[in-house]
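Contents: one structure, followed by commentary.
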Amino acid sequence: PSGEHTRRMNAGRDAQGLREGTSSVVEAGDPRMQYTYGEFPLRSFDTLIDMSLDELQSRRGTIPDSLRLVDLGSGCGRLVLYAALSRGWNVNGIEIGRELHTVATNILSKGTADGYFTSAQLPNEGVISLHLGAADTLTDVLGSADIIFAYSTVFPAAKDFNVEISALVLSPAWSEMLAKACRDECVVVTTDRALDPQFGWELVARREIENPEVFGSTGYVHILNKSKQGDMASSYRR
C-alpha cells in the first residue's frame, strides 16, 4: 500500500538524518549517503536470485532445501520477508540503521500475529532473522550464507574502473571483508558495483535489470574462490 511505502521511505530519511523540511543541499560525498534507503524491484530481485541458483546448482549439483540467504542492508525487511514467503528459505537481514531495523521487526511481529509467519520452523517454511549492526560485526551470519544479496548501488566504490572485469567495483573494504567472512563458493549478488577479483571473487554473470529508482541497474553475480586469494589481496589498500 502507498501509505506503507511512504512510512518506509520516511524511516529511511530518519536513518540518514534527513528529515522533511531540511533545506541544506546534500552532496554526493556526504557520509549520510551510505545510509540511503531504496526499495529494489521484486521482479529484478527474483531474476538475480534465479541466476544465483543456476550458479550454485552448476557447482554443487543440487540445491539444499535449507538454503540460507542474507540480505545485506535489509532496510525495512521487504526483501527478507518476500524471500521467506515466496521461496521458503532461511533468510537473514542485516541492517545498520536502527530506525529501519525497528520498522522491519514491527512488520515481522504484525505478520506473525496475522498468521503470515510462525515462530516455529515448519516443513517448507523459512526462518526469518533480523540483525541490527554493521556487516563486519556479523560475520557469523555472513559465513553461514549460501547466497548474499546486496543492493549496493550507493555503496562506496573504488577509485578506479576495473578494466579486467569492465565494471565499477566496491571499495576494497567491502570486497575484502566479504571474502574473509564468506565460505568458499558462496554466491554474492551486487548491483551497479562488482566485487574486486583480487580478493577471490569470480564474476560469473551480469544482467541489465529494471530499477526505476536509478533508471536501470546492472546486477553482478559472483562466486567466492578462496584458492584465488593471494598475498596481493591481503595487502591491497586504496
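Each chain in the C-alpha cells gets a letter, A, B and so on, in the order shown; residues start at 1 in every chain, and ligands are counted from 1 in the order they appear.
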Proximity check stretch 98-179 of chain A to stretch 196-206 of chain A, 8 Å, nearest pairs one decimal Å, only C-alpha atoms, as a Markdown table:
```
| residue | atom | partner | partner_atom | distance |
| --- | --- | --- | --- | --- |
| A:Ile165 | CA | A:Leu203 | CA | 7.5 |
| A:Val169 | CA | A:Asp196 | CA | 5.9 |
| A:Leu170 | CA | A:Asp196 | CA | 6.8 |
| A:Pro172 | CA | A:Asp196 | CA | 7.0 |
| A:Ser175 | CA | A:Asp196 | CA | 5.8 |
| A:Glu176 | CA | A:Phe199 | CA | 5.9 |
| A:Ala179 | CA | A:Phe199 | CA | 6.2 |
```
Please provide as a list in words all residues within 9 Å of A:Gly219, with the sequence filter that same-chain residues fewer than 2 positions apart are discarded (counting only C-alpha atoms).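 Surrounding residues, per the criterion: Ser44, Leu48, Val189, Thr190, Thr191, Asp192, Arg193, Ala194, Ala205, Arg206, Arg207, Glu208, Ile209, Ser217 and Val221 of chain A.
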Residue nearest A:Asn162 - candidates A:Ile96, A:Leu142, A:Ala113, A:Leu195, atoms counted: only C-alpha atoms: A:Leu195
Please determine, counting only C-alpha atoms, which residue among A:Leu138, A:Asp114, A:Arg87, A:Leu132 has the shortest atom-to-atom distance to A:Thr102.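 Of the candidates, the smallest distance to A:Thr102 is held by A:Leu132.
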Residues of stretch 136-191 of chain A at most 12 Å from stretch 91-95 of chain A: nearest atom pair and distance in Å, only C-alpha atoms, as a Markdown table:
```
| residue | atom | partner | partner_atom | distance |
| --- | --- | --- | --- | --- |
| A:Asp136 | CA | A:Ile94 | CA | 10.4 |
| A:Thr137 | CA | A:Ile94 | CA | 10.2 |
| A:Leu138 | CA | A:Ile94 | CA | 8.0 |
| A:Thr139 | CA | A:Ile94 | CA | 10.5 |
| A:Asp140 | CA | A:Asn92 | CA | 11.4 |
| A:Val141 | CA | A:Asn92 | CA | 7.6 |
| A:Leu142 | CA | A:Asn92 | CA | 9.0 |
| A:Gly143 | CA | A:Asn92 | CA | 11.7 |
| A:Ser144 | CA | A:Asn92 | CA | 10.0 |
| A:Ala145 | CA | A:Asn92 | CA | 8.7 |
| A:Asp146 | CA | A:Val91 | CA | 10.3 |
| A:Ile147 | CA | A:Val91 | CA | 9.7 |
| A:Ile148 | CA | A:Asn92 | CA | 9.4 |
| A:Phe149 | CA | A:Gly93 | CA | 9.7 |
| A:Ala150 | CA | A:Ile94 | CA | 10.0 |
| A:Tyr151 | CA | A:Glu95 | CA | 11.9 |
```
Go ahead and save the residues from that selection, with all heavy atoms, as a short mmCIF file (atom, residue, chain, number, x, y, z; two decimals), in the first residue's frame.
```cif
data_model
loop_
_atom_site.label_atom_id
_atom_site.label_comp_id
_atom_site.auth_asym_id
_atom_site.auth_seq_id
_atom_site.Cartn_x
_atom_site.Cartn_y
_atom_site.Cartn_z
N ASP A 136 30.44 -6.09 9.30
CA ASP A 136 31.69 -6.67 9.77
C ASP A 136 31.64 -7.13 11.22
O ASP A 136 32.59 -7.73 11.72
CB ASP A 136 32.87 -5.72 9.54
CG ASP A 136 32.71 -4.38 10.25
OD1 ASP A 136 31.72 -4.20 10.99
OD2 ASP A 136 33.57 -3.51 10.06
N THR A 137 30.53 -6.85 11.90
CA THR A 137 30.34 -7.38 13.26
C THR A 137 29.43 -8.60 13.26
O THR A 137 29.16 -9.16 14.32
CB THR A 137 29.75 -6.30 14.20
OG1 THR A 137 28.40 -6.00 13.79
CG2 THR A 137 30.59 -5.04 14.17
N LEU A 138 28.94 -8.98 12.09
CA LEU A 138 28.01 -10.11 11.98
C LEU A 138 28.55 -11.13 10.99
O LEU A 138 27.83 -11.68 10.16
CB LEU A 138 26.63 -9.59 11.53
CG LEU A 138 25.91 -8.73 12.58
CD1 LEU A 138 24.79 -7.91 11.94
CD2 LEU A 138 25.34 -9.61 13.69
N THR A 139 29.85 -11.39 11.09
CA THR A 139 30.49 -12.30 10.14
C THR A 139 30.01 -13.74 10.29
O THR A 139 30.10 -14.52 9.36
CB THR A 139 32.02 -12.24 10.30
OG1 THR A 139 32.37 -12.50 11.68
CG2 THR A 139 32.55 -10.87 9.90
N ASP A 140 29.49 -14.09 11.48
CA ASP A 140 28.94 -15.44 11.64
C ASP A 140 27.70 -15.62 10.77
O ASP A 140 27.46 -16.71 10.22
CB ASP A 140 28.61 -15.72 13.10
CG ASP A 140 27.66 -14.71 13.71
OD1 ASP A 140 27.69 -13.54 13.29
OD2 ASP A 140 26.90 -15.08 14.62
N VAL A 141 26.90 -14.56 10.63
CA VAL A 141 25.72 -14.61 9.76
C VAL A 141 26.15 -14.71 8.31
O VAL A 141 25.64 -15.53 7.54
CB VAL A 141 24.83 -13.37 9.98
CG1 VAL A 141 23.61 -13.41 9.04
CG2 VAL A 141 24.37 -13.29 11.43
N LEU A 142 27.11 -13.89 7.91
CA LEU A 142 27.61 -13.93 6.54
C LEU A 142 28.25 -15.28 6.23
O LEU A 142 28.10 -15.82 5.14
CB LEU A 142 28.62 -12.81 6.32
CG LEU A 142 28.10 -11.38 6.46
CD1 LEU A 142 29.25 -10.38 6.42
CD2 LEU A 142 27.08 -11.05 5.37
N GLY A 143 28.95 -15.83 7.20
CA GLY A 143 29.66 -17.08 6.98
C GLY A 143 28.75 -18.29 6.80
O GLY A 143 29.18 -19.32 6.29
N SER A 144 27.50 -18.17 7.21
CA SER A 144 26.55 -19.29 7.07
C SER A 144 25.76 -19.21 5.78
O SER A 144 24.97 -20.11 5.48
CB SER A 144 25.58 -19.30 8.25
OG SER A 144 24.70 -18.18 8.19
N ALA A 145 25.96 -18.16 5.00
CA ALA A 145 25.10 -17.91 3.83
C ALA A 145 25.51 -18.74 2.62
O ALA A 145 26.69 -18.97 2.37
CB ALA A 145 25.15 -16.43 3.47
N ASP A 146 24.50 -19.19 1.88
CA ASP A 146 24.72 -19.76 0.54
C ASP A 146 24.70 -18.65 -0.50
O ASP A 146 25.46 -18.68 -1.48
CB ASP A 146 23.63 -20.79 0.22
CG ASP A 146 23.65 -21.96 1.18
OD1 ASP A 146 24.63 -22.73 1.15
OD2 ASP A 146 22.69 -22.11 1.97
N ILE A 147 23.78 -17.70 -0.32
CA ILE A 147 23.64 -16.56 -1.24
C ILE A 147 23.53 -15.30 -0.40
O ILE A 147 22.80 -15.26 0.59
CB ILE A 147 22.39 -16.69 -2.13
CG1 ILE A 147 22.46 -17.95 -3.00
CG2 ILE A 147 22.23 -15.46 -3.03
CD1 ILE A 147 21.18 -18.22 -3.80
N ILE A 148 24.24 -14.26 -0.82
CA ILE A 148 24.12 -12.94 -0.20
C ILE A 148 23.68 -11.96 -1.28
O ILE A 148 24.24 -11.95 -2.38
CB ILE A 148 25.45 -12.48 0.42
CG1 ILE A 148 25.86 -13.40 1.57
CG2 ILE A 148 25.36 -11.03 0.92
CD1 ILE A 148 27.23 -13.12 2.14
N PHE A 149 22.67 -11.17 -0.96
CA PHE A 149 22.21 -10.12 -1.87
C PHE A 149 22.50 -8.77 -1.25
O PHE A 149 22.21 -8.54 -0.07
CB PHE A 149 20.71 -10.24 -2.15
CG PHE A 149 20.18 -9.14 -3.02
CD1 PHE A 149 20.30 -9.22 -4.41
CD2 PHE A 149 19.59 -8.01 -2.47
CE1 PHE A 149 19.83 -8.19 -5.22
CE2 PHE A 149 19.13 -6.99 -3.27
CZ PHE A 149 19.25 -7.08 -4.66
N ALA A 150 23.08 -7.87 -2.05
CA ALA A 150 23.35 -6.51 -1.58
C ALA A 150 22.90 -5.51 -2.64
O ALA A 150 23.41 -5.53 -3.77
CB ALA A 150 24.83 -6.32 -1.28
N TYR A 151 21.92 -4.68 -2.29
CA TYR A 151 21.52 -3.58 -3.16
C TYR A 151 22.57 -2.49 -2.95
O TYR A 151 22.41 -1.59 -2.15
CB TYR A 151 20.12 -3.10 -2.77
CG TYR A 151 19.51 -2.03 -3.64
CD1 TYR A 151 20.06 -1.66 -4.86
CD2 TYR A 151 18.34 -1.38 -3.23
CE1 TYR A 151 19.49 -0.69 -5.66
CE2 TYR A 151 17.75 -0.39 -4.03
CZ TYR A 151 18.33 -0.06 -5.23
OH TYR A 151 17.75 0.93 -6.00
#
```
Please identify which residues in stretch 131-230 of chain A DSSP calls helix (DSSP H, G or I) from the backbone, and express them as an NGL selection string. :A and (135-137 or 139-143 or 172-181 or 197-199 or 212-214 or 226-228)
For the selection you just gave me, I'd like the residues written to a file as a PDB file, in the first residue's frame, keeping C-alpha atoms.
```pdb
ATOM      1  CA  ALA A 135      28.139  -6.244   8.483  1.00  0.00           C
ATOM      2  CA  ASP A 136      31.694  -6.673   9.769  1.00  0.00           C
ATOM      3  CA  THR A 137      30.343  -7.380  13.264  1.00  0.00           C
ATOM      4  CA  THR A 139      30.493 -12.297  10.139  1.00  0.00           C
ATOM      5  CA  ASP A 140      28.940 -15.437  11.636  1.00  0.00           C
ATOM      6  CA  VAL A 141      25.718 -14.614   9.765  1.00  0.00           C
ATOM      7  CA  LEU A 142      27.608 -13.926   6.541  1.00  0.00           C
ATOM      8  CA  GLY A 143      29.657 -17.082   6.980  1.00  0.00           C
ATOM      9  CA  PRO A 172      38.338  -2.826  -1.058  1.00  0.00           C
ATOM     10  CA  ALA A 173      36.945  -2.740   2.484  1.00  0.00           C
ATOM     11  CA  TRP A 174      33.718  -4.408   1.285  1.00  0.00           C
ATOM     12  CA  SER A 175      35.359  -6.885  -1.090  1.00  0.00           C
ATOM     13  CA  GLU A 176      37.928  -7.993   1.490  1.00  0.00           C
ATOM     14  CA  MET A 177      35.524  -8.181   4.435  1.00  0.00           C
ATOM     15  CA  LEU A 178      33.083 -10.357   2.494  1.00  0.00           C
ATOM     16  CA  ALA A 179      35.885 -12.568   1.172  1.00  0.00           C
ATOM     17  CA  LYS A 180      37.104 -13.214   4.723  1.00  0.00           C
ATOM     18  CA  ALA A 181      33.644 -13.765   6.192  1.00  0.00           C
ATOM     19  CA  PRO A 197      38.528 -10.142  -8.159  1.00  0.00           C
ATOM     20  CA  GLN A 198      41.791  -9.562  -6.257  1.00  0.00           C
ATOM     21  CA  PHE A 199      40.046 -10.981  -3.195  1.00  0.00           C
ATOM     22  CA  PRO A 212      13.097   2.659 -11.710  1.00  0.00           C
ATOM     23  CA  GLU A 213      14.818   4.300  -8.725  1.00  0.00           C
ATOM     24  CA  VAL A 214      18.012   4.795 -10.764  1.00  0.00           C
ATOM     25  CA  LYS A 226      39.282 -18.876  -1.816  1.00  0.00           C
ATOM     26  CA  SER A 227      42.077 -20.652  -3.693  1.00  0.00           C
ATOM     27  CA  LYS A 228      42.494 -17.461  -5.723  1.00  0.00           C
TER      28      LYS A 228
END
```
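Nearest to A:Asn90 of all the residues A:Asn211, A:Thr118, A:Ser129, A:Gln57 is A:Ser129, based on only C-alpha atoms.
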Taking only stretch 29-148 of chain A into account, list the residues labelled strand (DSSP E or B) by DSSP (computed from the backbone), as a list in words.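 Here are the strand (DSSP E or B) residues of stretch 29-148 of chain A: Arg68, Leu69, Val70, Asp71, Leu72, Asn90, Val91, Asn92, Gly93, Ile94, Glu95, Ile128, Ser129, Leu130, His131, Leu132, Ile147 and Ile148 of chain A.
Checking A:Asn106, A:Thr112, A:Thr153, A:Ser171 one by one against A:Gly77, counting only C-alpha atoms, you find the shortest gap at A:Asn106.
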Closest to A:Phe155 among A:Met51, A:Gly88, A:Gly73, A:Arg78, using only C-alpha atoms? A:Gly73
For atom CA of A:Leu67 and atom CA of A:Leu53, the interatomic separation in Å (one decimal):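 Calculated distance between atom CA of A:Leu67 and atom CA of A:Leu53 is 10.1 Å.
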For atom CA of A:Gly97 and atom CA of A:Tyr116, determine how far apart the two atoms are, in Å to one decimal place.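 The value is 25.1 Å.
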